Amino acid sequence: MKKVRTRFAPSPTGFMHVGNLRTAIFEYLIAKHDSGDFILRIEDTDQTRKVDGAIDFIYNTLNLCNIHIDEGPNNKGEFGPYIQSERVHLYKEYAHKLVEMGKAYYCFCTEERLEKLRKEADENNVAFLYDGHCKNLTKEEIEEKIKNGEKYVIRQKMPKEGISSYEDLVYGEIKVENKLLEDQILLKSDGYPTYNFANVIDDHLMNITHVIRGNEYVMSTPKYNLLYDAFGWEKPTYIHVSMVLGSDGQKLSKRNGDASFMDLYNDGYLPEAVINYLVMLGWSPETNDEIFTMNELIKIFDPKRISKSPSVFDIKKLNWVNAHYIKKLESDKLLEITLPHLKEAYDLSNKTDEWISELVNLYKDHISYGKEIVEVTDLFFKENIELDSECTEFMSAEGIDNTISVFASEIENITDWTVENINTAIMNTKEKAGVKGKMLFMPIRIKVSGQMHGPELPNTIHLLGKETVLNRLK
RNA sequence: GGCCCGUUGGUGAAGUGGCUUAACACACAUGCCUUUCACGCAUGCAUUCACGGGUUCGAAUCCCGUACGGGUCACCA
C-alpha cells in the first residue's frame, strides 16, 4: 500500500484562525494514524497577498501545537521546493503540455471583454461562464497574437455534457453536471498558476494521497479530477470538512478577534488544550472520552467520523477543556502562562517571587486561561474595594459588625503571619463572636476581598498581608 | 438566479430501520460535601430529532416536497 501523505497548504497571510488550524490537525492526524508524512506547502501564487515572515509564523504555530512537519520550506525533502512561487516553471511546463494534448488553450480575452460578459450575465441573472471565445483559434492566429505581445492566459477545456462525480470520504458521492464547469484559468497572464492548477500539479508531484480541505472546494473538485484524468494520474482521496462558525453563526473571520490561534495562545490558552478542543469540533470518537493527548488522537482518529454540518466555536467549552489542562499543570508552566499577564496589569515590583508563586497556585483551580488571573486577582492590587449590591445586602445583616471587629482584633494579635495562625484567628472569632459557617466566613471574605467567591480564605488573607487586611476590616 | 451541502436541546454531539419513552460533554438550575464561596459529587434540563407528506408492522434513521442556513459560480486561495 502507498504511504499516506497529507499536506497543509496555507497562503502566507500571517494569520491563522482556528478553522485553518483544525484542518491542519485533521491532516496531521490522518497522516500519522497510518505512519505517513505531513507536508507543509506554501501557496503564494497570489503575489499581491504576500506577507513577510508568514512562513515563520506558520512554523511557529504548528510547533507550538506539537504538529511536526515532515517536509516543508524549512525542512529537507525530496519533493521540494515547497513554496509555489519557486515552482512556477513546473506549472508552465504542465500547462503547455495540456495545450499540446488539446485539453487546454490560449485565451487572449481582455479584462474589459470579460467584465462586459460578466455584467450581461449578471443582468440576466444567470451564472457567468466563460464563453470559449478563444477556444478555436488557429495556430497561426495564436502565434500572431503572441508575436504582437498580447497577454494571454491558459484555460482548461471542459466537457460540455455529461456528469462528473467523485466519492468524498465525508460527503459521499458528489455529482456535478459538466456544463456547469467553467473553462477555468490554469495559468494567469503574469505567468503564475491559479490555485486550482498549482494545487493539482503539486499534490500529484508531491505524492499526496489524501487531500483534506474546507468544503468550499466540494464543487470544484470535479475540475481537478479532469486534470488528473488528462494527465493520466491517480486521483487522491478527498476529505472535505465543514466550516467552523463563530457564536453568531457566521463564518470565522479576522474580525472575530478571538478566532485566531495566536490570540488564544497569547491569552494563556494551552496549545494542547486548544488542539484537543478543536478536534472535537465536528469530529467525535467512538467512545465518550473527551480529553486526549496527541498520541491518543493519532491512534483513534478516523476521518469517516467527521461531521458534514458546520459547528459553532464555543469559547465556554474551550474554557472547560483548558481549565482541565491547567489543573494538571506544573508550577513553572502555570507561572509561564499567568505571570506575563500579571506583569502587564499590575505593579509587581514590591512582590517577592514566593508571593507571586503562592498567588498563582492559589488560583490554579479557579482560572480557565492564563489571562484570567488578572481579573480574578485584582483584589490584591487595588487600594479600595467596592461592594456590589449582593455583598452590601449580605453585610447589612445583624451582628456582622461585631464579627468583623472581633476578627480584626484577632488579626491584630498575630505576630507570626502564617496561614495556620490566620486560620486560628478565624476559629477564635467563631468562639468569641458566637457565629459559624456562612455567617462567620462570608462577612470576613466580603470585607477583605470584596467578593463572595474565591479560593481558600486563610490563604487569601495571608497573601493580602496583615496591613492591608486590617485596613480593609476598618 | 443555477448548482452543491447541511438542519438532533442555549452549545458541541452520539445515533445509519426495532436495544432510543434520544447517549455523553459544556452551559444552566437544585441538592450534598467542605465550619463559607469555589472545587468535587449527585440530580434535573429535547414526550422528541426544521416542517409537511409518503414507504414500513415499526423512522431521528429510507423517499418526496417546503422552509431556513451555508457554500460555489474570479487572471483569490
# chains A, B, ... in the order shown; residues from 1 in each chain; ligands from 1
$ residues_around --residues "C26 of chain B" --least-positions-apart "5" --cutoff "8 Å" --atoms "only C-alpha atoms (C1' of nucleotides)" --output "list in words"
Lys316, Lys317 and Trp320 of chain A; U11 and G12 of chain B
$ interface_residues --of "chain B" --to "chain A" --cutoff "8 Å" --atoms "only C-alpha atoms (C1' of nucleotides)" --output "PyMOL selection string"
chain B and resi 1-4+6+11-13+24-27+35-39+71-73+75-77
$ write_last_selection --atoms "C-alpha atoms (C1' of nucleotides)" --output "PDB file, in the first residue's frame"
ATOM      1  C1'   G B   1     -30.716  33.039 -10.022  1.00  0.00           C
ATOM      2  C1'   G B   2     -28.344  27.837 -11.275  1.00  0.00           C
ATOM      3  C1'   C B   3     -25.816  24.010  -8.802  1.00  0.00           C
ATOM      4  C1'   C B   4     -23.948  21.545  -4.200  1.00  0.00           C
ATOM      5  C1'   G B   6     -26.454  20.949   5.706  1.00  0.00           C
ATOM      6  C1'   U B  11     -23.574  24.959  22.560  1.00  0.00           C
ATOM      7  C1'   G B  12     -20.515  20.573  20.929  1.00  0.00           C
ATOM      8  C1'   A B  13     -22.590  15.986  19.739  1.00  0.00           C
ATOM      9  C1'   C B  24     -22.239  11.752  26.558  1.00  0.00           C
ATOM     10  C1'   A B  25     -19.988  16.652  27.425  1.00  0.00           C
ATOM     11  C1'   C B  26     -20.200  22.223  28.069  1.00  0.00           C
ATOM     12  C1'   A B  27     -23.508  25.806  29.973  1.00  0.00           C
ATOM     13  C1'   U B  35     -17.114  25.033  59.717  1.00  0.00           C
ATOM     14  C1'   U B  36     -18.034  29.951  53.874  1.00  0.00           C
ATOM     15  C1'   C B  37     -17.808  30.667  48.369  1.00  0.00           C
ATOM     16  C1'   A B  38     -15.388  27.789  44.831  1.00  0.00           C
ATOM     17  C1'   C B  39     -13.502  22.700  43.602  1.00  0.00           C
ATOM     18  C1'   G B  71     -21.045  27.050   0.134  1.00  0.00           C
ATOM     19  C1'   U B  72     -19.999  27.897  -5.051  1.00  0.00           C
ATOM     20  C1'   C B  73     -20.434  30.282  -9.853  1.00  0.00           C
ATOM     21  C1'   C B  75      -6.273  36.190 -14.029  1.00  0.00           C
ATOM     22  C1'   C B  76      -8.429  34.786  -4.580  1.00  0.00           C
ATOM     23  C1'   A B  77      -6.937  30.820  -2.311  1.00  0.00           C
TER      24        A B  77
END
$ residues_around --residues "Ser357 of chain A" --least-positions-apart "2" --cutoff "12 Å" --atoms "only C-alpha atoms (C1' of nucleotides)" --output "compact mmCIF listing (two decimals) with N, CA and C atoms, in the first residue's frame"
# COMPACT_ATOMS: atom_id res chain seq x y z
N GLU A 330 2.25 21.85 35.95
CA GLU A 330 3.31 22.05 36.94
C GLU A 330 3.38 23.53 37.25
N SER A 331 3.94 23.84 38.43
CA SER A 331 4.02 25.21 38.89
C SER A 331 4.69 26.16 37.90
N ASP A 332 5.81 25.74 37.33
CA ASP A 332 6.54 26.66 36.45
C ASP A 332 5.76 26.92 35.16
N LYS A 333 5.06 25.91 34.70
CA LYS A 333 4.24 26.09 33.49
C LYS A 333 3.09 27.05 33.77
N LEU A 334 2.52 26.89 34.93
CA LEU A 334 1.42 27.75 35.33
C LEU A 334 1.88 29.20 35.38
N LEU A 335 3.07 29.39 35.93
CA LEU A 335 3.65 30.72 36.03
C LEU A 335 3.87 31.31 34.63
N GLU A 336 4.29 30.42 33.74
CA GLU A 336 4.59 30.85 32.37
C GLU A 336 3.37 31.47 31.68
N THR A 338 0.70 32.76 33.23
CA THR A 338 0.00 33.78 34.00
C THR A 338 0.85 35.02 34.28
N LEU A 339 2.13 34.80 34.59
CA LEU A 339 2.99 35.90 35.00
C LEU A 339 3.03 37.07 34.02
N LEU A 342 0.04 39.18 34.61
CA LEU A 342 0.09 39.90 35.88
C LEU A 342 1.00 41.11 35.75
N LYS A 351 6.70 42.84 45.08
CA LYS A 351 6.26 41.49 45.42
C LYS A 351 7.43 40.52 45.24
N THR A 352 7.50 39.56 46.15
CA THR A 352 8.57 38.56 46.02
C THR A 352 8.13 37.45 45.07
N ASP A 353 9.09 36.70 44.57
CA ASP A 353 8.79 35.55 43.71
C ASP A 353 7.91 34.55 44.44
N GLU A 354 8.20 34.38 45.74
CA GLU A 354 7.42 33.43 46.53
C GLU A 354 5.96 33.86 46.58
N TRP A 355 5.78 35.14 46.79
CA TRP A 355 4.42 35.67 46.90
C TRP A 355 3.65 35.44 45.59
N LEU A 359 0.42 33.10 44.99
CA LEU A 359 -0.80 33.68 44.44
C LEU A 359 -1.32 32.86 43.26
N VAL A 360 -0.42 32.62 42.33
CA VAL A 360 -0.80 31.92 41.11
C VAL A 360 -1.30 30.51 41.41
N ASN A 361 -0.61 29.85 42.32
CA ASN A 361 -1.01 28.48 42.66
C ASN A 361 -2.33 28.42 43.39
N LEU A 362 -2.60 29.48 44.15
CA LEU A 362 -3.87 29.54 44.87
C LEU A 362 -5.04 29.60 43.88
N TYR A 363 -4.77 30.20 42.74
CA TYR A 363 -5.85 30.38 41.76
C TYR A 363 -5.85 29.34 40.64
N LYS A 364 -4.96 28.38 40.80
CA LYS A 364 -4.82 27.35 39.77
C LYS A 364 -6.15 26.70 39.39
N LEU A 463 -1.95 36.18 51.74
CA LEU A 463 -1.35 36.86 50.59
C LEU A 463 -1.60 38.37 50.63
$ select_by_dssp --residues "segment 202-402 of chain A" --states "helix (DSSP H, G or I)" --output "number ranges by chain"
A: 202-205, 215-217, 221-231, 254-259, 261-266, 271-279, 294-300, 303-305, 315-327, 331-345, 353-362, 364-366, 372-376, 378-380, 389-395, 400-402
$ atom_distance --atom1 "atom CA of Tyr28 of chain A" --atom2 "atom CA of Gly268 of chain A"
23.9 Å
$ atom_distance --atom1 "atom CA of Phe38 of chain A" --atom2 "atom CA of Tyr265 of chain A"
23.1 Å
$ select_by_dssp --residues "segment 57-274 of chain A" --states "strand (DSSP E)" --output "PyMOL selection string"
chain A and resi 104-107+153-156+163-168+172-177+185-187+210-214+237-241+244-245
$ write_last_selection --atoms "N, CA and C atoms" --output "CSV table (one decimal), in the first residue's frame"
chain,number,residue,atom,x,y,z
A,104,ALA,N,-6.3,22.1,-23.1
A,104,ALA,CA,-6.3,23.4,-22.7
A,104,ALA,C,-6.0,24.3,-23.9
A,105,TYR,N,-6.2,25.6,-23.7
A,105,TYR,CA,-6.0,26.5,-24.8
A,105,TYR,C,-5.6,27.9,-24.4
A,106,TYR,N,-5.0,28.6,-25.3
A,106,TYR,CA,-4.6,30.0,-25.0
A,106,TYR,C,-5.9,30.9,-25.1
A,107,CYS,N,-5.9,31.8,-24.2
A,107,CYS,CA,-7.0,32.8,-24.3
A,107,CYS,C,-6.5,34.2,-24.2
A,153,VAL,N,-3.8,34.0,-21.1
A,153,VAL,CA,-3.9,33.0,-20.0
A,153,VAL,C,-4.1,31.6,-20.7
A,154,ILE,N,-3.9,30.6,-19.9
A,154,ILE,CA,-4.2,29.3,-20.4
A,154,ILE,C,-5.4,28.8,-19.7
A,155,ARG,N,-6.4,28.3,-20.4
A,155,ARG,CA,-7.7,27.8,-19.8
A,155,ARG,C,-7.8,26.3,-20.1
A,156,GLN,N,-8.4,25.7,-19.1
A,156,GLN,CA,-8.7,24.3,-19.2
A,156,GLN,C,-10.0,24.1,-20.0
A,163,ILE,N,-21.9,14.0,-16.8
A,163,ILE,CA,-21.8,14.3,-15.4
A,163,ILE,C,-20.5,13.8,-14.8
A,164,SER,N,-19.9,14.6,-14.0
A,164,SER,CA,-18.7,14.2,-13.3
A,164,SER,C,-19.1,13.9,-11.9
A,165,SER,N,-18.5,12.8,-11.3
A,165,SER,CA,-18.8,12.5,-9.9
A,165,SER,C,-17.5,12.0,-9.3
A,166,TYR,N,-17.5,12.1,-8.0
A,166,TYR,CA,-16.4,11.5,-7.2
A,166,TYR,C,-16.9,11.2,-5.8
A,167,GLU,N,-16.1,10.4,-5.1
A,167,GLU,CA,-16.5,9.9,-3.8
A,167,GLU,C,-15.7,10.7,-2.8
A,168,ASP,N,-16.4,11.4,-1.9
A,168,ASP,CA,-15.8,12.1,-0.8
A,168,ASP,C,-15.9,11.3,0.4
A,172,GLY,N,-19.6,11.7,0.8
A,172,GLY,CA,-20.2,10.6,0.0
A,172,GLY,C,-20.1,11.0,-1.5
A,173,GLU,N,-21.0,10.5,-2.3
A,173,GLU,CA,-20.9,10.8,-3.8
A,173,GLU,C,-21.3,12.2,-4.1
A,174,ILE,N,-20.5,13.0,-4.8
A,174,ILE,CA,-20.8,14.3,-5.2
A,174,ILE,C,-20.9,14.3,-6.8
A,175,LYS,N,-22.1,14.7,-7.3
A,175,LYS,CA,-22.3,14.8,-8.7
A,175,LYS,C,-22.4,16.2,-9.2
A,176,VAL,N,-21.7,16.5,-10.3
A,176,VAL,CA,-21.9,17.9,-10.9
A,176,VAL,C,-22.0,17.7,-12.4
A,177,GLU,N,-22.9,18.5,-12.9
A,177,GLU,CA,-23.0,18.5,-14.4
A,177,GLU,C,-21.9,19.2,-15.1
A,185,ILE,N,-9.2,29.2,-15.6
A,185,ILE,CA,-7.8,29.6,-15.9
A,185,ILE,C,-6.8,28.8,-15.1
A,186,LEU,N,-5.9,28.3,-15.8
A,186,LEU,CA,-4.8,27.5,-15.2
A,186,LEU,C,-3.6,28.3,-14.9
A,187,LEU,N,-3.2,29.1,-16.0
A,187,LEU,CA,-2.1,29.9,-15.9
A,187,LEU,C,-2.5,31.4,-16.1
A,210,HIS,N,-4.0,11.9,0.3
A,210,HIS,CA,-5.3,12.4,0.9
A,210,HIS,C,-5.4,13.9,0.9
A,211,VAL,N,-6.3,14.4,0.2
A,211,VAL,CA,-6.5,15.9,0.1
A,211,VAL,C,-7.6,16.2,1.1
A,212,ILE,N,-7.2,17.0,2.2
A,212,ILE,CA,-8.1,17.4,3.2
A,212,ILE,C,-8.2,18.9,3.1
A,213,ARG,N,-9.4,19.4,3.0
A,213,ARG,CA,-9.6,20.9,2.8
A,213,ARG,C,-11.0,21.3,3.1
A,214,GLY,N,-11.2,22.6,3.2
A,214,GLY,CA,-12.5,23.1,3.5
A,214,GLY,C,-13.6,22.7,2.4
A,237,THR,N,-7.5,10.6,-2.4
A,237,THR,CA,-8.8,10.5,-1.6
A,237,THR,C,-9.2,11.9,-1.2
A,238,TYR,N,-10.4,12.3,-1.4
A,238,TYR,CA,-10.8,13.6,-1.0
A,238,TYR,C,-11.6,13.6,0.4
A,239,ILE,N,-11.2,14.5,1.2
A,239,ILE,CA,-11.9,14.6,2.5
A,239,ILE,C,-12.2,16.1,2.7
A,240,HIS,N,-13.4,16.5,2.4
A,240,HIS,CA,-13.8,17.9,2.6
A,240,HIS,C,-14.4,18.0,4.0
A,241,VAL,N,-14.0,19.1,4.7
A,241,VAL,CA,-14.5,19.3,6.1
A,241,VAL,C,-15.3,20.5,6.1
A,244,VAL,N,-16.0,26.0,10.4
A,244,VAL,CA,-16.2,26.4,11.8
A,244,VAL,C,-16.8,27.8,11.9
A,245,LEU,N,-17.9,27.9,12.6
A,245,LEU,CA,-18.6,29.2,12.7
A,245,LEU,C,-18.3,29.9,14.0
$ atom_distance --atom1 "atom CA of Phe231 of chain A" --atom2 "atom CA of Asn136 of chain A"
21.6 Å
$ residues_around --residues "Ile58 of chain A" --least-positions-apart "3" --cutoff "9 Å" --atoms "only C-alpha atoms (C1' of nucleotides)" --output "PDB file with C-alpha atoms, in the first residue's frame"
ATOM      1  CA  PRO A  10      -1.958  27.745   3.625  1.00  0.00           C
ATOM      2  CA  PRO A  12       1.125  33.099   3.766  1.00  0.00           C
ATOM      3  CA  GLY A  14       0.428  35.832   8.684  1.00  0.00           C
ATOM      4  CA  PHE A  15      -2.816  34.875  10.317  1.00  0.00           C
ATOM      5  CA  MET A  16      -4.315  31.550  11.265  1.00  0.00           C
ATOM      6  CA  GLY A  53       7.530  36.477   7.967  1.00  0.00           C
ATOM      7  CA  ALA A  54       4.387  34.493   7.316  1.00  0.00           C
ATOM      8  CA  ILE A  55       6.236  31.221   6.834  1.00  0.00           C
ATOM      9  CA  THR A  61       2.110  27.964  15.263  1.00  0.00           C
ATOM     10  CA  LEU A  62       2.468  24.332  14.252  1.00  0.00           C
ATOM     11  CA  ASN A  63       5.453  23.880  16.551  1.00  0.00           C
TER      12      ASN A  63
END
$ closest_residue --among "B:G44, B:G69, B:G17, B:G10" --to "U30 of chain B" --atoms "only C-alpha atoms (C1' of nucleotides)"
B:G44
$ decode --residues "segment 82-200 of chain A" --atoms "C-alpha atoms" --output "compact mmCIF listing (two decimals), in the first residue's frame"
# COMPACT_ATOMS: atom_id res chain seq x y z
CA TYR A 82 7.72 23.60 -1.07
CA ILE A 83 6.90 27.18 -1.92
CA GLN A 84 4.77 27.54 -5.01
CA SER A 85 6.35 30.75 -6.23
CA GLU A 86 9.56 28.74 -6.59
CA ARG A 87 7.84 26.16 -8.75
CA VAL A 88 6.36 28.32 -11.49
CA HIS A 89 8.47 26.67 -14.19
CA LEU A 90 6.75 23.39 -13.38
CA TYR A 91 3.27 24.79 -13.74
CA LYS A 92 4.18 26.39 -17.05
CA GLU A 93 5.57 23.15 -18.33
CA TYR A 94 2.47 21.18 -17.41
CA ALA A 95 0.11 23.86 -18.67
CA HIS A 96 1.75 23.81 -22.07
CA LYS A 97 1.68 20.04 -22.05
CA LEU A 98 -2.08 20.25 -21.66
CA VAL A 99 -2.31 22.67 -24.57
CA GLU A 100 -0.39 20.22 -26.73
CA MET A 101 -2.75 17.46 -25.70
CA GLY A 102 -5.70 19.63 -26.67
CA LYS A 103 -7.03 19.75 -23.11
CA ALA A 104 -6.31 23.43 -22.66
CA TYR A 105 -6.00 26.51 -24.83
CA TYR A 106 -4.61 30.00 -25.03
CA CYS A 107 -7.05 32.77 -24.27
CA PHE A 108 -6.39 36.38 -25.18
CA CYS A 109 -9.61 37.85 -23.92
CA THR A 110 -9.18 41.16 -22.17
CA GLU A 111 -10.44 42.14 -18.76
CA GLU A 112 -12.81 44.52 -20.46
CA ARG A 113 -14.40 41.84 -22.56
CA LEU A 114 -14.81 39.51 -19.62
CA GLU A 115 -16.17 42.30 -17.50
CA LYS A 116 -18.77 43.04 -20.11
CA LEU A 117 -19.83 39.41 -20.34
CA ARG A 118 -20.00 39.15 -16.60
CA LYS A 119 -22.20 42.21 -16.41
CA GLU A 120 -24.55 40.82 -19.02
CA ALA A 121 -24.81 37.55 -17.20
CA ASP A 122 -25.48 39.42 -14.02
CA GLU A 123 -28.28 41.41 -15.57
CA ASN A 124 -29.90 38.27 -16.90
CA ASN A 125 -29.46 36.68 -13.50
CA VAL A 126 -27.58 33.70 -14.82
CA ALA A 127 -24.24 32.30 -13.75
CA PHE A 128 -21.33 33.62 -15.74
CA LEU A 129 -19.28 31.05 -17.56
CA TYR A 130 -16.50 31.94 -19.94
CA ASP A 131 -17.92 31.59 -23.44
CA GLY A 132 -14.98 29.79 -25.02
CA HIS A 133 -14.30 32.70 -27.34
CA CYS A 134 -10.64 31.75 -27.81
CA LYS A 135 -11.13 28.01 -27.82
CA ASN A 136 -10.86 27.58 -31.55
CA LEU A 137 -8.10 29.98 -32.51
CA THR A 138 -5.80 28.59 -35.18
CA LYS A 139 -2.15 28.04 -34.59
CA GLU A 140 -1.35 30.97 -36.83
CA GLU A 141 -3.69 33.31 -35.01
CA ILE A 142 -2.16 32.35 -31.71
CA GLU A 143 1.38 32.84 -32.91
CA GLU A 144 0.41 36.17 -34.40
CA LYS A 145 -1.10 37.41 -31.17
CA ILE A 146 1.81 36.28 -29.09
CA LYS A 147 4.20 37.97 -31.51
CA ASN A 148 2.20 41.17 -31.08
CA GLY A 149 2.81 40.95 -27.36
CA GLU A 150 -0.79 40.25 -26.46
CA LYS A 151 -1.21 38.93 -22.96
CA TYR A 152 -2.74 35.52 -22.59
CA VAL A 153 -3.89 33.00 -20.04
CA ILE A 154 -4.23 29.28 -20.43
CA ARG A 155 -7.66 27.82 -19.81
CA GLN A 156 -8.73 24.28 -19.17
CA LYS A 157 -11.08 22.84 -21.78
CA MET A 158 -14.15 21.39 -20.07
CA PRO A 159 -16.50 18.81 -21.47
CA LYS A 160 -19.87 20.34 -22.31
CA GLU A 161 -22.04 17.40 -21.49
CA GLY A 162 -22.24 14.52 -19.13
CA ILE A 163 -21.85 14.33 -15.39
CA SER A 164 -18.73 14.19 -13.29
CA SER A 165 -18.79 12.53 -9.93
CA TYR A 166 -16.43 11.52 -7.21
CA GLU A 167 -16.51 9.94 -3.83
CA ASP A 168 -15.77 12.11 -0.84
CA LEU A 169 -14.87 10.37 2.40
CA VAL A 170 -17.11 12.71 4.39
CA TYR A 171 -19.77 13.82 1.94
CA GLY A 172 -20.19 10.65 -0.04
CA GLU A 173 -20.86 10.82 -3.75
CA ILE A 174 -20.84 14.31 -5.24
CA LYS A 175 -22.26 14.77 -8.75
CA VAL A 176 -21.86 17.88 -10.87
CA GLU A 177 -23.05 18.48 -14.39
CA ASN A 178 -20.14 19.19 -16.72
CA LYS A 179 -21.91 22.02 -18.48
CA LEU A 180 -21.70 23.92 -15.21
CA LEU A 181 -17.92 23.76 -15.17
CA GLU A 182 -16.12 26.77 -16.49
CA ASP A 183 -13.08 26.67 -18.73
CA GLN A 184 -11.10 27.79 -15.75
CA ILE A 185 -7.84 29.62 -15.92
CA LEU A 186 -4.82 27.47 -15.21
CA LEU A 187 -2.05 29.93 -15.88
CA LYS A 188 -2.55 33.63 -15.25
CA SER A 189 -1.23 36.29 -17.58
CA ASP A 190 1.57 37.06 -15.14
CA GLY A 191 2.79 33.51 -15.68
CA TYR A 192 1.72 32.37 -12.23
CA PRO A 193 -0.66 29.45 -11.88
CA THR A 194 -4.04 29.71 -10.22
CA TYR A 195 -4.67 27.83 -7.00
CA ASN A 196 -6.77 25.36 -8.93
CA PHE A 197 -3.92 24.35 -11.16
CA ALA A 198 -0.90 24.60 -8.86
CA ASN A 199 -2.74 22.54 -6.32
CA VAL A 200 -3.32 19.62 -8.62
